[in-house]
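A.B. asks: Structure incoming, see below.
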Amino acid sequence: MRTCLVVDDSSVVRKIARRILEGLDFQIVEAEDGEKALEICKRGLPDAVLLDWNMPVMDGYEFLGNLRRLPGGHEPKVVFCTTENDIAHISRALHAGANEYIMKPFDKEIVAAKFQEVGLIDQTQPTST
Amino acid sequence: MNQPDYEYLRKLLKDYSGLDLSADKQYLIESRLLPLARKAGLADIGELVQKLKGGSSAVIAQVVEAMTTNETFFFRDKVPFDHFRDSILPEIIKARANRKSIRIWCAAGSTGQEPYSLAMCVKEMSAALSGWRVEIIATDISQEVLEKSKAGIYSQFEVQRGLPIQMLVKYFKQIGELWQLNPDIRAMVQHRQLNLLHDFSQLGAFDIIFCRNVLIYFDQEMKINIFGRLARMMEPDGFLVLGAAETVVGLTEVFKPFPERRGLYRPSGTAGAAGRTGTTWPKASAAARL
């Protein structure tokens, strides 16, 4: 089973993301800021990271840089999931090594579509009716 | 809504748009037409039917528009667009090397996501298509969705389903909370209003026709009729692309499926007019040059 690390300082968002991703057959681990997320990654890299931007202690952008510098840190697919919905933020994220980018608010279809983009979901699974 | 009103609406929709509603779709009519009725100052579906019986062509058009479903998104179902990039375009490029011209028709362009997805694919291949003329014609029965398609403006939800983030950044400009396709992509698509029930032969011959998830609304007889007319407008080595749940198998012999490429079909040569592989191209007004 594929693992996804959900990083967001809002427990509500983490819960919603968990429900959606468990429905897509992912095993979920949660972290409330970039620093805790990094600790988790040092112990074992997930297949995917759903990453908020603005968080206390260490934000998503800083976490991403640190993740990619870990051994094997280029492997996990990182999907930003943030209220920052302008081109400047998106470009910065992509340059820093993000694989995809979700602008909040999101729904199940968007998460599924983006995870399909990064190759974590089988293409033959219909993402919509 | 009473049964006679429902039957009246079923017949009206079938006559005007080919839309073939089964006996149990009252909920669909109610959800689509009640808002329309209220906007027109009418109390309910019954009063709307009275108005329709009075023969108001404007109201009839509004009812048809409201009922023809327009759910679509960028790169819907992914696989047909992978085929487009990986096999259809390369094969057509080889086959048209002398003519250097490709004509593509989206026969239910709706709000534009499908034709613009094709336009973005074509743009991504501009090296291989340098000096070529590529026409993408998008048609739809609904003038309203055509206007939306022409504007090329989409919501944050709409640009996140099916569109890779790199393409969003590359081909769109952000306007507040909305996203608009760049002018060069918009210029690649011509829009025409068209009812598939009517004669569409004036559009000319095509190399590629996308006709996805629209024929499902028609009954068997009309499907067969439309397939026949599509086959006559298709180059013999052209491609027809249908929706994921659709097929010609069991309906008609005028197209044959590609065994390894699901959703793709080619004229079998039994349709009648042999297709025009040579001279009679219609005047292309706004064809994009790459």
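Order determines the names: the first chain of the structure tokens is A, the second B, and so forth; residues in each chain are numbered 1 upward, and ligands are numbered 1 upward as they are shown.
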Each residue of chain A lying at most 8 Å from chain B should get a row with its shortest atom-to-atom pair and the distance in Å to one decimal, counting only C-alpha atoms; could you produce that, ordered by chain and increasing number, as a Markdown table?

C.D. replies:
```
| residue | atom | partner | partner_atom | distance |
| --- | --- | --- | --- | --- |
| A:Asp86 | CA | B:Gln174 | CA | 7.4 |
| A:Ile87 | CA | B:Val169 | CA | 6.8 |
| A:Ile90 | CA | B:Val169 | CA | 7.8 |
| A:Ser91 | CA | B:Val169 | CA | 7.5 |
| A:Glu100 | CA | B:Ile165 | CA | 5.9 |
| A:Tyr101 | CA | B:Ile165 | CA | 6.2 |
| A:Ile102 | CA | B:Gln160 | CA | 7.1 |
| A:Met103 | CA | B:Gln156 | CA | 7.5 |
| A:Phe106 | CA | B:Phe157 | CA | 7.7 |
| A:Glu109 | CA | B:Arg161 | CA | 7.0 |
| A:Ile110 | CA | B:Arg161 | CA | 5.4 |
| A:Ala113 | CA | B:Gly162 | CA | 5.7 |
| A:Lys114 | CA | B:Gly162 | CA | 7.4 |
| A:Glu117 | CA | B:Pro164 | CA | 6.5 |
| A:Gln123 | CA | B:Lys78 | CA | 7.9 |
| A:Pro126 | CA | B:Asp77 | CA | 7.2 |
| A:Thr127 | CA | B:Asp77 | CA | 7.9 |
```

A.B. asks: Find the spatial neighbours of Gly97 of chain A, counting only C-alpha atoms, within a cut-off of 9 Å - ignore same-chain residues fewer than 6 positions away - and output them as a ChimeraX atom specification.

C.D. replies: /A:64-65,68,74,78

A.B. asks: Quick one: DSSP helix (DSSP H, G or I) residues in chain A, as a PDB file with C-alpha atoms, in the first residue's frame?

C.D. replies:
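Writing the result to out05.pdb gives the following:
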```pdb
ATOM      1  CA  SER A  11      -6.398  19.291  11.926  1.00  0.00           C
ATOM      2  CA  VAL A  12      -9.637  19.757   9.974  1.00  0.00           C
ATOM      3  CA  VAL A  13      -7.783  19.855   6.659  1.00  0.00           C
ATOM      4  CA  ARG A  14      -5.689  16.856   7.671  1.00  0.00           C
ATOM      5  CA  LYS A  15      -8.859  14.922   8.512  1.00  0.00           C
ATOM      6  CA  ILE A  16     -10.503  15.738   5.167  1.00  0.00           C
ATOM      7  CA  ALA A  17      -7.341  14.901   3.252  1.00  0.00           C
ATOM      8  CA  ARG A  18      -7.004  11.658   5.169  1.00  0.00           C
ATOM      9  CA  ARG A  19     -10.531  10.619   4.287  1.00  0.00           C
ATOM     10  CA  ILE A  20     -10.040  11.384   0.612  1.00  0.00           C
ATOM     11  CA  LEU A  21      -6.660   9.689   0.350  1.00  0.00           C
ATOM     12  CA  GLU A  22      -7.656   6.610   2.344  1.00  0.00           C
ATOM     13  CA  GLY A  23     -10.508   6.317  -0.153  1.00  0.00           C
ATOM     14  CA  GLY A  34       7.381  21.080   8.292  1.00  0.00           C
ATOM     15  CA  GLU A  35       9.739  20.193  11.097  1.00  0.00           C
ATOM     16  CA  LYS A  36       7.639  17.251  12.339  1.00  0.00           C
ATOM     17  CA  ALA A  37       7.180  16.184   8.724  1.00  0.00           C
ATOM     18  CA  LEU A  38      10.925  16.197   8.178  1.00  0.00           C
ATOM     19  CA  GLU A  39      11.497  14.047  11.260  1.00  0.00           C
ATOM     20  CA  ILE A  40       9.004  11.520   9.906  1.00  0.00           C
ATOM     21  CA  CYS A  41      10.763  11.511   6.528  1.00  0.00           C
ATOM     22  CA  LYS A  42      14.153  10.935   8.143  1.00  0.00           C
ATOM     23  CA  ARG A  43      12.756   7.777   9.729  1.00  0.00           C
ATOM     24  CA  GLY A  60       6.074  23.907   3.345  1.00  0.00           C
ATOM     25  CA  TYR A  61       8.590  25.623   1.098  1.00  0.00           C
ATOM     26  CA  GLU A  62      11.424  25.172   3.595  1.00  0.00           C
ATOM     27  CA  PHE A  63      10.362  21.562   4.238  1.00  0.00           C
ATOM     28  CA  LEU A  64      10.488  20.800   0.509  1.00  0.00           C
ATOM     29  CA  GLY A  65      14.066  22.050   0.204  1.00  0.00           C
ATOM     30  CA  ASN A  66      15.093  19.960   3.207  1.00  0.00           C
ATOM     31  CA  LEU A  67      13.274  16.877   1.939  1.00  0.00           C
ATOM     32  CA  ARG A  68      14.948  16.962  -1.468  1.00  0.00           C
ATOM     33  CA  ARG A  69      18.364  17.169   0.261  1.00  0.00           C
ATOM     34  CA  ILE A  87       1.461  32.116 -10.279  1.00  0.00           C
ATOM     35  CA  ALA A  88       4.399  33.424  -8.223  1.00  0.00           C
ATOM     36  CA  HIS A  89       3.895  30.848  -5.482  1.00  0.00           C
ATOM     37  CA  ILE A  90       3.234  28.072  -7.985  1.00  0.00           C
ATOM     38  CA  SER A  91       6.407  28.822  -9.945  1.00  0.00           C
ATOM     39  CA  ARG A  92       8.487  28.989  -6.764  1.00  0.00           C
ATOM     40  CA  ALA A  93       7.107  25.634  -5.649  1.00  0.00           C
ATOM     41  CA  LEU A  94       7.830  23.979  -8.994  1.00  0.00           C
ATOM     42  CA  HIS A  95      11.362  25.381  -9.063  1.00  0.00           C
ATOM     43  CA  LYS A 108     -11.891  14.487  -4.019  1.00  0.00           C
ATOM     44  CA  GLU A 109     -11.842  14.831  -7.805  1.00  0.00           C
ATOM     45  CA  ILE A 110      -9.018  17.365  -7.754  1.00  0.00           C
ATOM     46  CA  VAL A 111      -6.889  15.299  -5.369  1.00  0.00           C
ATOM     47  CA  ALA A 112      -7.457  12.187  -7.477  1.00  0.00           C
ATOM     48  CA  ALA A 113      -6.652  14.062 -10.695  1.00  0.00           C
ATOM     49  CA  LYS A 114      -3.421  15.504  -9.283  1.00  0.00           C
ATOM     50  CA  PHE A 115      -2.281  12.183  -7.808  1.00  0.00           C
ATOM     51  CA  GLN A 116      -2.963  10.620 -11.185  1.00  0.00           C
ATOM     52  CA  GLU A 117      -0.803  13.327 -12.820  1.00  0.00           C
TER      53      GLU A 117
END
```

A.B. asks: Fewer than 2 positions away in the same chain doesn't count, so skip those; otherwise give me all residues within 7 Å of segment 86-103 of chain B, counting only C-alpha atoms, as a PyMOL selection string.

C.D. replies: chain B and resi 82-84+105+132-136+206-208

A.B. asks: Just the strand (DSSP E or B) stuff from segment 131-213 of chain B, please, per backbone DSSP, written as a ChimeraX atom specification.

C.D. replies: /B:133-140,153-154,172-175,178-181,189-193,206-211

A.B. asks: Could you state the separation of atom CA of Asp140 of chain B and atom CA of Leu42 of chain B in Å, given to one decimal place?

C.D. replies: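 That distance, rounded to one decimal, is 28.0 Å.
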
A.B. asks: To one decimal place in Å, what is the distance between atom CA of Ala40 of chain B and atom CA of Leu21 of chain B?

C.D. replies: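 Separation of atom CA of Ala40 of chain B and atom CA of Leu21 of chain B: 23.7 Å.
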
A.B. asks: I'd like the neighbourhood of Asp8 of chain A as a PDB file with C-alpha atoms, in the first residue's frame, where a residue qualifies if any of its atoms comes within 10 Å (using only C-alpha atoms), though same-chain residues fewer than 6 positions away should be ignored.

C.D. replies:
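The result, stored in selection08.pdb:
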```pdb
ATOM      1  CA  ARG A  14      -5.689  16.856   7.671  1.00  0.00           C
ATOM      2  CA  LYS A  15      -8.859  14.922   8.512  1.00  0.00           C
ATOM      3  CA  ALA A  17      -7.341  14.901   3.252  1.00  0.00           C
ATOM      4  CA  GLU A  30       0.046  13.219   9.548  1.00  0.00           C
ATOM      5  CA  ALA A  31       2.300  16.093  10.553  1.00  0.00           C
ATOM      6  CA  GLU A  32       1.253  19.568  11.732  1.00  0.00           C
ATOM      7  CA  ASP A  33       4.343  21.447  10.541  1.00  0.00           C
ATOM      8  CA  GLY A  34       7.381  21.080   8.292  1.00  0.00           C
ATOM      9  CA  ALA A  37       7.180  16.184   8.724  1.00  0.00           C
ATOM     10  CA  LEU A  50       0.449  16.470   0.517  1.00  0.00           C
ATOM     11  CA  LEU A  51       1.983  19.731   1.637  1.00  0.00           C
ATOM     12  CA  ASP A  52       0.532  22.948   3.019  1.00  0.00           C
ATOM     13  CA  TRP A  53       2.586  26.107   2.571  1.00  0.00           C
ATOM     14  CA  ASN A  54       1.972  28.341   5.552  1.00  0.00           C
ATOM     15  CA  MET A  55       2.725  26.569   8.815  1.00  0.00           C
ATOM     16  CA  PRO A  56       4.485  27.538  12.046  1.00  0.00           C
ATOM     17  CA  ASP A  59       6.732  26.115   6.367  1.00  0.00           C
ATOM     18  CA  GLY A  60       6.074  23.907   3.345  1.00  0.00           C
ATOM     19  CA  CYS A  81      -2.054  21.952  -1.211  1.00  0.00           C
ATOM     20  CA  THR A  82      -2.421  25.557  -0.190  1.00  0.00           C
TER      21      THR A  82
END
```

A.B. asks: State, in Å with one decimal place, the distance from atom CA of Ser56 of chain B to atom CA of Ala107 of chain B.

C.D. replies: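 Between atom CA of Ser56 of chain B and atom CA of Ala107 of chain B the gap is 27.6 Å.
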
A.B. asks: Using only C-alpha atoms, which of the listed residues (B:Ile104, B:Leu194, B:Leu251, B:Ile153) sits closest to Phe239 of chain B?

C.D. replies: B:Ile104

A.B. asks: Calculated over only C-alpha atoms, which of the candidates A:Pro76, A:Val29, A:Ile121, A:Ala98 has the smallest distance to Asp47 of chain A?

C.D. replies: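 Using only C-alpha atoms, the shortest distance to Asp47 of chain A belongs to A:Pro76.
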
A.B. asks: Excluding Leu52 of chain B and its own-chain neighbours fewer than 2 positions away, which residues fall within 12 Å of it when counting only C-alpha atoms? Please give them as a PyMOL selection string.

C.D. replies: chain B and resi 5+8-9+12-13+37+40+42+45-50+54-64

A.B. asks: Can those selected residues be exported to a file as a CSV table (one decimal), in the first residue's frame so that it contains N, CA and C atoms?

C.D. replies:
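Written output follows (selection.csv):
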```
chain,number,residue,atom,x,y,z
B,5,ASP,N,-47.1,16.6,-19.1
B,5,ASP,CA,-46.1,17.6,-19.2
B,5,ASP,C,-44.7,17.0,-19.5
B,8,TYR,N,-44.6,15.7,-23.0
B,8,TYR,CA,-44.5,16.9,-23.9
B,8,TYR,C,-43.0,17.3,-24.0
B,9,LEU,N,-42.4,17.4,-22.8
B,9,LEU,CA,-41.0,17.9,-22.8
B,9,LEU,C,-40.0,16.9,-23.4
B,12,LEU,N,-40.4,17.3,-27.1
B,12,LEU,CA,-39.8,18.5,-27.6
B,12,LEU,C,-38.3,18.4,-27.7
B,13,LEU,N,-37.7,17.9,-26.6
B,13,LEU,CA,-36.3,17.8,-26.6
B,13,LEU,C,-35.8,16.8,-27.7
B,37,ALA,N,-37.5,28.3,-15.3
B,37,ALA,CA,-38.9,28.8,-15.2
B,37,ALA,C,-39.0,30.0,-14.2
B,40,ALA,N,-37.9,33.1,-15.6
B,40,ALA,CA,-38.8,33.7,-16.5
B,40,ALA,C,-40.1,34.2,-15.9
B,42,LEU,N,-42.2,32.3,-14.1
B,42,LEU,CA,-43.2,31.3,-14.1
B,42,LEU,C,-43.1,30.5,-12.8
B,45,ILE,N,-43.0,23.9,-13.6
B,45,ILE,CA,-42.8,23.3,-14.9
B,45,ILE,C,-44.1,23.4,-15.8
B,46,GLY,N,-45.2,23.2,-15.1
B,46,GLY,CA,-46.5,23.2,-15.8
B,46,GLY,C,-46.7,24.5,-16.6
B,47,GLU,N,-46.4,25.7,-15.9
B,47,GLU,CA,-46.5,27.0,-16.6
B,47,GLU,C,-45.5,27.1,-17.7
B,48,LEU,N,-44.3,26.5,-17.5
B,48,LEU,CA,-43.2,26.6,-18.5
B,48,LEU,C,-43.7,25.8,-19.8
B,49,VAL,N,-44.4,24.7,-19.6
B,49,VAL,CA,-44.9,23.9,-20.7
B,49,VAL,C,-45.9,24.7,-21.5
B,50,GLN,N,-46.8,25.4,-20.7
B,50,GLN,CA,-47.8,26.3,-21.4
B,50,GLN,C,-47.1,27.3,-22.3
B,54,GLY,N,-47.1,27.7,-26.4
B,54,GLY,CA,-47.4,29.0,-27.1
B,54,GLY,C,-46.4,29.3,-28.3
B,55,GLY,N,-45.4,28.5,-28.3
B,55,GLY,CA,-44.5,28.6,-29.5
B,55,GLY,C,-43.3,29.5,-29.4
B,56,SER,N,-43.0,30.0,-28.2
B,56,SER,CA,-41.9,30.9,-28.1
B,56,SER,C,-40.5,30.3,-28.4
B,57,SER,N,-40.0,30.7,-29.5
B,57,SER,CA,-38.7,30.0,-29.9
B,57,SER,C,-37.6,30.3,-29.0
B,58,ALA,N,-37.6,31.5,-28.4
B,58,ALA,CA,-36.6,31.9,-27.4
B,58,ALA,C,-36.6,30.9,-26.2
B,59,VAL,N,-37.8,30.7,-25.7
B,59,VAL,CA,-37.9,29.8,-24.5
B,59,VAL,C,-37.5,28.4,-24.9
B,60,ILE,N,-37.9,27.9,-26.1
B,60,ILE,CA,-37.5,26.6,-26.6
B,60,ILE,C,-36.0,26.5,-26.6
B,61,ALA,N,-35.4,27.5,-27.1
B,61,ALA,CA,-33.9,27.4,-27.2
B,61,ALA,C,-33.3,27.4,-25.8
B,62,GLN,N,-33.9,28.1,-24.9
B,62,GLN,CA,-33.3,28.1,-23.5
B,62,GLN,C,-33.5,26.7,-22.8
B,63,VAL,N,-34.7,26.1,-23.1
B,63,VAL,CA,-34.9,24.8,-22.5
B,63,VAL,C,-33.9,23.8,-23.1
B,64,VAL,N,-33.7,23.8,-24.4
B,64,VAL,CA,-32.7,22.9,-25.0
B,64,VAL,C,-31.3,23.1,-24.4
```

A.B. asks: Looking at only C-alpha atoms, which of B:Ile137, B:Met188, B:Leu264, B:Cys121 is the one that sits closest to Ala205 of chain B?

C.D. replies: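 Checking each of B:Ile137, B:Met188, B:Leu264, B:Cys121 against Ala205 of chain B, counting only C-alpha atoms, the winner is B:Ile137.
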
A.B. asks: Give me the residues near Leu19 of chain B as an MDAnalysis selection string, where near means some atom within 12 Å (using only C-alpha atoms) and where sequence neighbours in that chain fewer than 6 positions away do not count.

C.D. replies: chainID B and resid 9:13 25 63:69 141 195:197 214:220 222:223

A.B. asks: Tell me which protein, DNA and RNA residues are within 9 Å of Arg262 of chain B, counting only C-alpha atoms, leaving out same-chain ones fewer than 3 positions away, and put them as a list in words.

C.D. replies: Val79, Pro80, Ala244, Pro257, Phe258, Pro259 and Tyr265 of chain B

A.B. asks: With C-alpha atoms kept, could you save the residues just selected as a tab-separated table (two decimals), in the first residue's frame?

C.D. replies:
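Wrote it out as result-v4.tsv, contents follow:
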```
chain	number	residue	atom	x	y	z
B	79	VAL	CA	-5.96	8.16	-22.62
B	80	PRO	CA	-7.44	9.74	-25.80
B	244	ALA	CA	-14.67	5.98	-22.76
B	257	PRO	CA	-11.99	-0.04	-34.12
B	258	PHE	CA	-8.25	-0.15	-33.63
B	259	PRO	CA	-7.64	-3.33	-31.64
B	265	TYR	CA	-11.81	4.24	-34.93
```

A.B. asks: Rank nothing, just name the residue among B:Phe210, B:Phe200, B:Tyr154, B:Tyr27 nearest to Arg229 of chain B, using only C-alpha atoms.

C.D. replies: B:Phe200
